[in-house]
Amino acid sequence: WDAFPFQEETWKACGEGKSGILNAPTGSGKTYALMLPLIAEAEMLREPGVKAIWITPIRALGKEIEIAAQRVKRVMALRFTIGVRSGDTSAAERTRLSKSPPDLLITTPESLQILLSSKGHEDYFRSLRWLVADEWHELVGSKRGVQMELACSRLRAIVPGLRTWGISATISNMAEAMAVLLGHTELKKKQDKDSVVIKASIEKPVEVVSILPDKPEKLPWAGHLGIRILEKVIPILKESKSTLIFTNTRSFAEIWYQQLLEKAPWLAGQLAMRHGSISQELRQWVEQELHAGNLKAVVCTSSLDLGVDFRPVETVIQVGSPKGIARFLQRAGRSGHRPGAVSRIHFLPTHSLELVEAAALREGILQKVVEERVPYIRSFDVLIQYLLTLAAGDGLDPSTVRREVEQTWSFRSVTDDEWNWIIRFLTTGGEALTAYDEYRKLELRDGRLRFVT
């Protein structure tokens, strides 16, 4: 529990009021690098309201962040309050969080958009000081990332000087990722003084083991699920205390779960499945049992590749291509998820061409190659949905919101013609749909665009 140099560097930067990106290996303590200064300030600010927002790309990770925050609160005997709002949050709890805002709100990009659509959201966020985007690499290069850019532009308009941090273990274009998070104008203004990239000088050992068939020439060329070498997995499960078996799709997970039970009936009661389509109660049960060490293995999708923190996961198996070195390393990091521990991951190819990918993954890890995340630009469909979100609350002033939107990386090049087209589309349906009333979503009332009544 001694602090790493990168943690102390982060604490110092936060104390100086800086924003930035923190890059450190999985399991090295990135969460506490930002959690401690954030909580320390929230503890001192006694006025009511949300002081910090912690964004997580998946719900399972939100639960882990809550556990980390509760640990800090308990050990240091602090008073600050914690709330979690996601798709799993009950209606009663959402109402409570709206009426009694916590000091630290842990939420997802989608739930943050819902809050921005609420009447009086400016007052709700008036006391905000911090925003942390966890696993930022999962959002950069996606429309969810654009959604976050727009949310940040709104929050910065409400709270000028909002400190914004991104956390990532697997991203190579960190300066660009920071520009996306902070907004291009914001970065240009602050790049010499108030923003910083902090990279931990910690090497995370990763052990890659390929699971190969006895006769590789009999492996199919494409279109299979790896079931024909499933029996090679069973000895690994026996030797490991706990294992995560990652598949790329929910149907893969379903098939592998059933096939494992058929081939190894002794796994009954010790094997579970976890993906985004199963019920909230079952998902939470799987997480709790995995945390308690009661499960031998869990077949899962990406819904767990960010969400297991300091749990007793000894081994990880990747079934099929992970579609990238960064994702492979992210999943490998679920094993040995603590400082200094070796992350062990087995790669199981589902067809012959993936044998080549196995070699490429090994070489990429040796060469420390991680893909760049190319940010989306000019995603007008996301922008239109965002404007509808604001209109659902207190309405929006087009000129004011345009100035906010132009501060984002994605929409820094929007022209007058493009902006006017978007407003016409929302108010009349545009040139093609102007004759149809159902496409007239917004109207100007009291100087603000609001939903048509």
# chains A, B, ... in the order shown; residues from 1 in each chain; ligands from 1

call {"tool": "select_by_dssp", "arguments": {"residues": "stretch 357-453 of chain A", "states": "strand (DSSP E or B)", "output": "VMD selection string"}}
result
chain A and resid 396 442 to 445 448 to 451

call {"tool": "closest_atom_pairs", "arguments": {"of": "stretch 163-270 of chain A", "to": "stretch 127-138 of chain A", "cutoff": "10 Å", "atoms": "only C-alpha atoms", "output": "CSV"}}
result
residue,atom,partner,partner_atom,distance
A:Arg163,CA,A:Trp130,CA,4.9
A:Thr164,CA,A:Leu131,CA,4.8
A:Trp165,CA,A:Val132,CA,4.8
A:Gly166,CA,A:Ala133,CA,4.7
A:Ile167,CA,A:Asp134,CA,4.9
A:Ser168,CA,A:Glu135,CA,4.8
A:Ala169,CA,A:Glu135,CA,7.2
A:Thr170,CA,A:His137,CA,6.8
A:Ile171,CA,A:His137,CA,6.0
A:Ser172,CA,A:His137,CA,9.3
A:Asn173,CA,A:His137,CA,9.7
A:Met174,CA,A:His137,CA,9.2
A:Ala177,CA,A:His137,CA,7.8
A:Met178,CA,A:Trp136,CA,9.4
A:Leu181,CA,A:Ala133,CA,8.5

call {"tool": "write_last_selection", "arguments": {"atoms": "C-alpha atoms", "output": "PDB file, in the first residue's frame"}}
result
ATOM      1  CA  ARG A 163     -11.152  19.661 -13.678  1.00  0.00           C
ATOM      2  CA  THR A 164     -11.408  16.751 -16.073  1.00  0.00           C
ATOM      3  CA  TRP A 165      -9.320  13.563 -16.009  1.00  0.00           C
ATOM      4  CA  GLY A 166      -9.230  10.468 -18.168  1.00  0.00           C
ATOM      5  CA  ILE A 167      -7.920   7.096 -16.999  1.00  0.00           C
ATOM      6  CA  SER A 168      -6.611   4.430 -19.364  1.00  0.00           C
ATOM      7  CA  ALA A 169      -4.373   1.381 -19.256  1.00  0.00           C
ATOM      8  CA  THR A 170      -4.235   0.681 -22.993  1.00  0.00           C
ATOM      9  CA  ILE A 171      -4.004   3.674 -25.273  1.00  0.00           C
ATOM     10  CA  SER A 172      -1.084   4.959 -27.336  1.00  0.00           C
ATOM     11  CA  ASN A 173      -2.257   8.353 -28.671  1.00  0.00           C
ATOM     12  CA  MET A 174      -2.590   9.884 -25.211  1.00  0.00           C
ATOM     13  CA  ALA A 177      -7.108  11.350 -26.289  1.00  0.00           C
ATOM     14  CA  MET A 178      -6.600  14.212 -23.838  1.00  0.00           C
ATOM     15  CA  LEU A 181     -11.593  14.785 -23.448  1.00  0.00           C
TER      16      LEU A 181
END

call {"tool": "residues_around", "arguments": {"residues": "A:Pro216", "least_positions_apart": "2", "cutoff": "10 Å", "atoms": "only C-alpha atoms", "output": "list of chain:residue names"}}
result
A:Leu212, A:Pro213, A:Asp214, A:Lys218, A:Leu219, A:Pro220, A:His351, A:Ser352, A:Leu355

call {"tool": "select_by_dssp", "arguments": {"residues": "stretch 246-438 of chain A", "states": "alpha helix (DSSP H)", "output": "number ranges by chain"}}
result
A: 250-263, 280-292, 325-332, 353-366, 380-392, 398-405, 416-428, 430-433

call {"tool": "residues_around", "arguments": {"residues": "stretch 244-248 of chain A", "least_positions_apart": "5", "cutoff": "6 Å", "atoms": "only C-alpha atoms", "output": "CSV table (one decimal) with all heavy atoms, in the first residue's frame"}}
result
chain,number,residue,atom,x,y,z
A,253,ALA,N,-21.0,-17.0,-25.7
A,253,ALA,CA,-21.0,-17.3,-24.3
A,253,ALA,C,-22.0,-18.4,-23.9
A,253,ALA,O,-21.7,-19.3,-23.1
A,253,ALA,CB,-21.3,-16.0,-23.5
A,297,ALA,N,-15.3,-20.9,-12.5
A,297,ALA,CA,-15.1,-20.2,-13.8
A,297,ALA,C,-16.3,-19.5,-14.2
A,297,ALA,O,-17.5,-19.8,-13.8
A,297,ALA,CB,-14.8,-21.2,-14.9
A,298,VAL,N,-16.2,-18.4,-15.0
A,298,VAL,CA,-17.3,-17.6,-15.5
A,298,VAL,C,-17.0,-17.4,-17.0
A,298,VAL,O,-16.0,-17.0,-17.4
A,298,VAL,CB,-17.4,-16.2,-14.8
A,298,VAL,CG1,-18.5,-15.4,-15.4
A,298,VAL,CG2,-17.6,-16.4,-13.3
A,299,VAL,N,-18.0,-17.8,-17.8
A,299,VAL,CA,-18.0,-17.5,-19.2
A,299,VAL,C,-18.6,-16.2,-19.4
A,299,VAL,O,-19.8,-15.9,-19.0
A,299,VAL,CB,-18.8,-18.6,-20.0
A,299,VAL,CG1,-18.6,-18.3,-21.5
A,299,VAL,CG2,-18.3,-20.0,-19.7
A,300,CYS,N,-17.9,-15.2,-20.1
A,300,CYS,CA,-18.4,-13.9,-20.1
A,300,CYS,C,-18.1,-13.2,-21.4
A,300,CYS,O,-17.3,-13.7,-22.2
A,300,CYS,CB,-17.8,-13.1,-19.0
A,300,CYS,SG,-16.0,-13.1,-18.9
A,301,THR,N,-18.6,-12.0,-21.6
A,301,THR,CA,-18.3,-11.2,-22.8
A,301,THR,C,-17.6,-10.0,-22.3
A,301,THR,O,-17.0,-10.0,-21.1
A,301,THR,CB,-19.6,-10.7,-23.5
A,301,THR,OG1,-20.4,-10.0,-22.5
A,301,THR,CG2,-20.4,-11.9,-24.0
A,316,VAL,N,-7.1,-16.3,-17.2
A,316,VAL,CA,-8.0,-15.8,-18.2
A,316,VAL,C,-7.9,-16.6,-19.5
A,316,VAL,O,-6.7,-16.9,-19.9
A,316,VAL,CB,-7.8,-14.3,-18.5
A,316,VAL,CG1,-8.6,-13.8,-19.7
A,316,VAL,CG2,-8.1,-13.4,-17.3
A,317,ILE,N,-9.0,-16.9,-20.1
A,317,ILE,CA,-8.9,-17.6,-21.4
A,317,ILE,C,-9.7,-16.7,-22.4
A,317,ILE,O,-10.8,-16.3,-22.2
A,317,ILE,CB,-9.6,-19.0,-21.3
A,317,ILE,CG1,-8.8,-19.9,-20.4
A,317,ILE,CG2,-9.7,-19.7,-22.7
A,317,ILE,CD1,-9.5,-21.2,-20.1
A,318,GLN,N,-9.1,-16.5,-23.5
A,318,GLN,CA,-9.7,-15.7,-24.6
A,318,GLN,C,-10.1,-16.7,-25.7
A,318,GLN,O,-9.2,-17.3,-26.3
A,318,GLN,CB,-8.8,-14.6,-25.2
A,318,GLN,CG,-9.2,-14.0,-26.5
A,318,GLN,CD,-10.5,-13.2,-26.3
A,318,GLN,OE1,-10.7,-12.5,-25.3
A,318,GLN,NE2,-11.4,-13.3,-27.2
A,319,VAL,N,-11.4,-16.8,-26.0
A,319,VAL,CA,-11.9,-17.7,-27.1
A,319,VAL,C,-12.0,-16.9,-28.3
A,319,VAL,O,-12.9,-16.0,-28.4
A,319,VAL,CB,-13.2,-18.4,-26.7
A,319,VAL,CG1,-13.7,-19.3,-27.8
A,319,VAL,CG2,-13.0,-19.2,-25.4

call {"tool": "atom_distance", "arguments": {"atom1": "atom CA of A:Ser142", "atom2": "atom CA of A:Thr89"}}
result
24.6 Å

call {"tool": "residues_around", "arguments": {"residues": "A:Leu267", "least_positions_apart": "6", "cutoff": "10 Å", "atoms": "only C-alpha atoms", "output": "JSON list (two decimals) with N, CA and C atoms, in the first residue's frame"}}
result
[["chain", "number", "residue", "atom", "x", "y", "z"],
["A", 234, "ILE", "N", -10.55, -27.78, -20.16],
["A", 234, "ILE", "CA", -10.96, -28.38, -18.88],
["A", 234, "ILE", "C", -9.78, -28.59, -17.92],
["A", 237, "LEU", "N", -9.02, -25.31, -16.24],
["A", 237, "LEU", "CA", -9.99, -24.96, -15.20],
["A", 237, "LEU", "C", -9.71, -25.73, -13.91],
["A", 238, "LYS", "N", -9.31, -27.00, -14.05],
["A", 238, "LYS", "CA", -9.02, -27.81, -12.86],
["A", 238, "LYS", "C", -7.83, -27.26, -12.08],
["A", 260, "LEU", "N", -19.45, -26.65, -21.95],
["A", 260, "LEU", "CA", -18.59, -26.95, -20.80],
["A", 260, "LEU", "C", -19.31, -27.82, -19.78],
["A", 261, "LEU", "N", -20.57, -27.51, -19.51],
["A", 261, "LEU", "CA", -21.34, -28.33, -18.57],
["A", 261, "LEU", "C", -21.54, -29.74, -19.10],
["A", 295, "LEU", "N", -16.81, -19.41, -7.26],
["A", 295, "LEU", "CA", -16.99, -19.89, -8.63],
["A", 295, "LEU", "C", -15.65, -20.34, -9.20],
["A", 296, "LYS", "N", -15.68, -21.47, -9.87],
["A", 296, "LYS", "CA", -14.48, -21.99, -10.52],
["A", 296, "LYS", "C", -14.20, -21.26, -11.83],
["A", 297, "ALA", "N", -15.26, -20.91, -12.54],
["A", 297, "ALA", "CA", -15.09, -20.24, -13.83],
["A", 297, "ALA", "C", -16.34, -19.46, -14.19]]

call {"tool": "closest_residue", "arguments": {"among": "A:Glu357, A:Glu438, A:Glu443, A:Glu431", "to": "A:Asp397", "atoms": "only C-alpha atoms"}}
result
A:Glu443

call {"tool": "residues_around", "arguments": {"residues": "A:Trp11", "least_positions_apart": "3", "cutoff": "7 Å", "atoms": "only C-alpha atoms", "output": "PyMOL selection string"}}
result
chain A and resi 7-8+14-15+33+37

call {"tool": "atom_distance", "arguments": {"atom1": "atom CA of A:Glu64", "atom2": "atom CA of A:Ile114"}}
result
22.1 Å

call {"tool": "residues_around", "arguments": {"residues": "A:Phe125", "least_positions_apart": "3", "cutoff": "10 Å", "atoms": "only C-alpha atoms", "output": "PyMOL selection string"}}
result
chain A and resi 49-53+101+115-116+120-122+128-129+155+158-159

call {"tool": "write_last_selection", "arguments": {"atoms": "N, CA and C atoms", "output": "PDB file, in the first residue's frame"}}
result
ATOM      1  N   GLY A  49     -24.704  19.159  -2.844  1.00  0.00           N
ATOM      2  CA  GLY A  49     -24.596  19.055  -4.296  1.00  0.00           C
ATOM      3  C   GLY A  49     -23.499  18.099  -4.717  1.00  0.00           C
ATOM      4  N   VAL A  50     -23.549  17.713  -5.991  1.00  0.00           N
ATOM      5  CA  VAL A  50     -22.558  16.797  -6.543  1.00  0.00           C
ATOM      6  C   VAL A  50     -21.228  17.523  -6.703  1.00  0.00           C
ATOM      7  N   LYS A  51     -20.173  16.992  -6.087  1.00  0.00           N
ATOM      8  CA  LYS A  51     -18.840  17.592  -6.205  1.00  0.00           C
ATOM      9  C   LYS A  51     -18.009  16.929  -7.306  1.00  0.00           C
ATOM     10  N   ALA A  52     -18.293  15.647  -7.557  1.00  0.00           N
ATOM     11  CA  ALA A  52     -17.491  14.903  -8.535  1.00  0.00           C
ATOM     12  C   ALA A  52     -18.358  13.874  -9.246  1.00  0.00           C
ATOM     13  N   ILE A  53     -18.097  13.707 -10.541  1.00  0.00           N
ATOM     14  CA  ILE A  53     -18.745  12.670 -11.343  1.00  0.00           C
ATOM     15  C   ILE A  53     -17.664  11.706 -11.824  1.00  0.00           C
ATOM     16  N   PRO A 101     -28.507  14.946  -3.759  1.00  0.00           N
ATOM     17  CA  PRO A 101     -27.333  14.605  -4.569  1.00  0.00           C
ATOM     18  C   PRO A 101     -26.159  14.170  -3.706  1.00  0.00           C
ATOM     19  N   LEU A 115     -29.533  12.764 -16.985  1.00  0.00           N
ATOM     20  CA  LEU A 115     -29.489  13.851 -16.005  1.00  0.00           C
ATOM     21  C   LEU A 115     -29.488  15.210 -16.697  1.00  0.00           C
ATOM     22  N   LEU A 116     -28.796  15.306 -17.827  1.00  0.00           N
ATOM     23  CA  LEU A 116     -28.768  16.571 -18.562  1.00  0.00           C
ATOM     24  C   LEU A 116     -30.117  16.892 -19.203  1.00  0.00           C
ATOM     25  N   GLY A 120     -33.827  21.755 -14.474  1.00  0.00           N
ATOM     26  CA  GLY A 120     -33.019  22.207 -13.351  1.00  0.00           C
ATOM     27  C   GLY A 120     -31.664  21.533 -13.249  1.00  0.00           C
ATOM     28  N   HIS A 121     -31.178  20.940 -14.358  1.00  0.00           N
ATOM     29  CA  HIS A 121     -29.886  20.244 -14.272  1.00  0.00           C
ATOM     30  C   HIS A 121     -28.729  21.210 -13.998  1.00  0.00           C
ATOM     31  N   GLU A 122     -28.877  22.470 -14.394  1.00  0.00           N
ATOM     32  CA  GLU A 122     -27.802  23.428 -14.127  1.00  0.00           C
ATOM     33  C   GLU A 122     -27.619  23.614 -12.619  1.00  0.00           C
ATOM     34  N   LEU A 128     -20.328  21.200  -8.919  1.00  0.00           N
ATOM     35  CA  LEU A 128     -19.399  20.220  -9.486  1.00  0.00           C
ATOM     36  C   LEU A 128     -17.986  20.805  -9.589  1.00  0.00           C
ATOM     37  N   ARG A 129     -16.996  19.990  -9.221  1.00  0.00           N
ATOM     38  CA  ARG A 129     -15.592  20.403  -9.311  1.00  0.00           C
ATOM     39  C   ARG A 129     -14.757  19.457 -10.162  1.00  0.00           C
ATOM     40  N   LEU A 155     -21.257  20.680 -19.137  1.00  0.00           N
ATOM     41  CA  LEU A 155     -20.838  20.818 -17.738  1.00  0.00           C
ATOM     42  C   LEU A 155     -19.825  21.947 -17.577  1.00  0.00           C
ATOM     43  N   ILE A 158     -21.591  25.173 -17.392  1.00  0.00           N
ATOM     44  CA  ILE A 158     -22.201  25.382 -16.073  1.00  0.00           C
ATOM     45  C   ILE A 158     -21.139  25.710 -15.036  1.00  0.00           C
ATOM     46  N   VAL A 159     -19.999  24.992 -15.103  1.00  0.00           N
ATOM     47  CA  VAL A 159     -18.918  25.152 -14.117  1.00  0.00           C
ATOM     48  C   VAL A 159     -17.617  25.435 -14.858  1.00  0.00           C
TER      49      VAL A 159
END

call {"tool": "atom_distance", "arguments": {"atom1": "atom CA of A:Met35", "atom2": "atom CA of A:Ile325"}}
result
28.0 Å

call {"tool": "closest_residue", "arguments": {"among": "A:Leu36, A:Arg440, A:Ser251, A:Val208", "to": "A:Glu363", "atoms": "only C-alpha atoms"}}
result
A:Val208

call {"tool": "closest_residue", "arguments": {"among": "A:Gly393, A:Gly161, A:Gly320, A:Pro102", "to": "A:Arg46", "atoms": "only C-alpha atoms"}}
result
A:Pro102
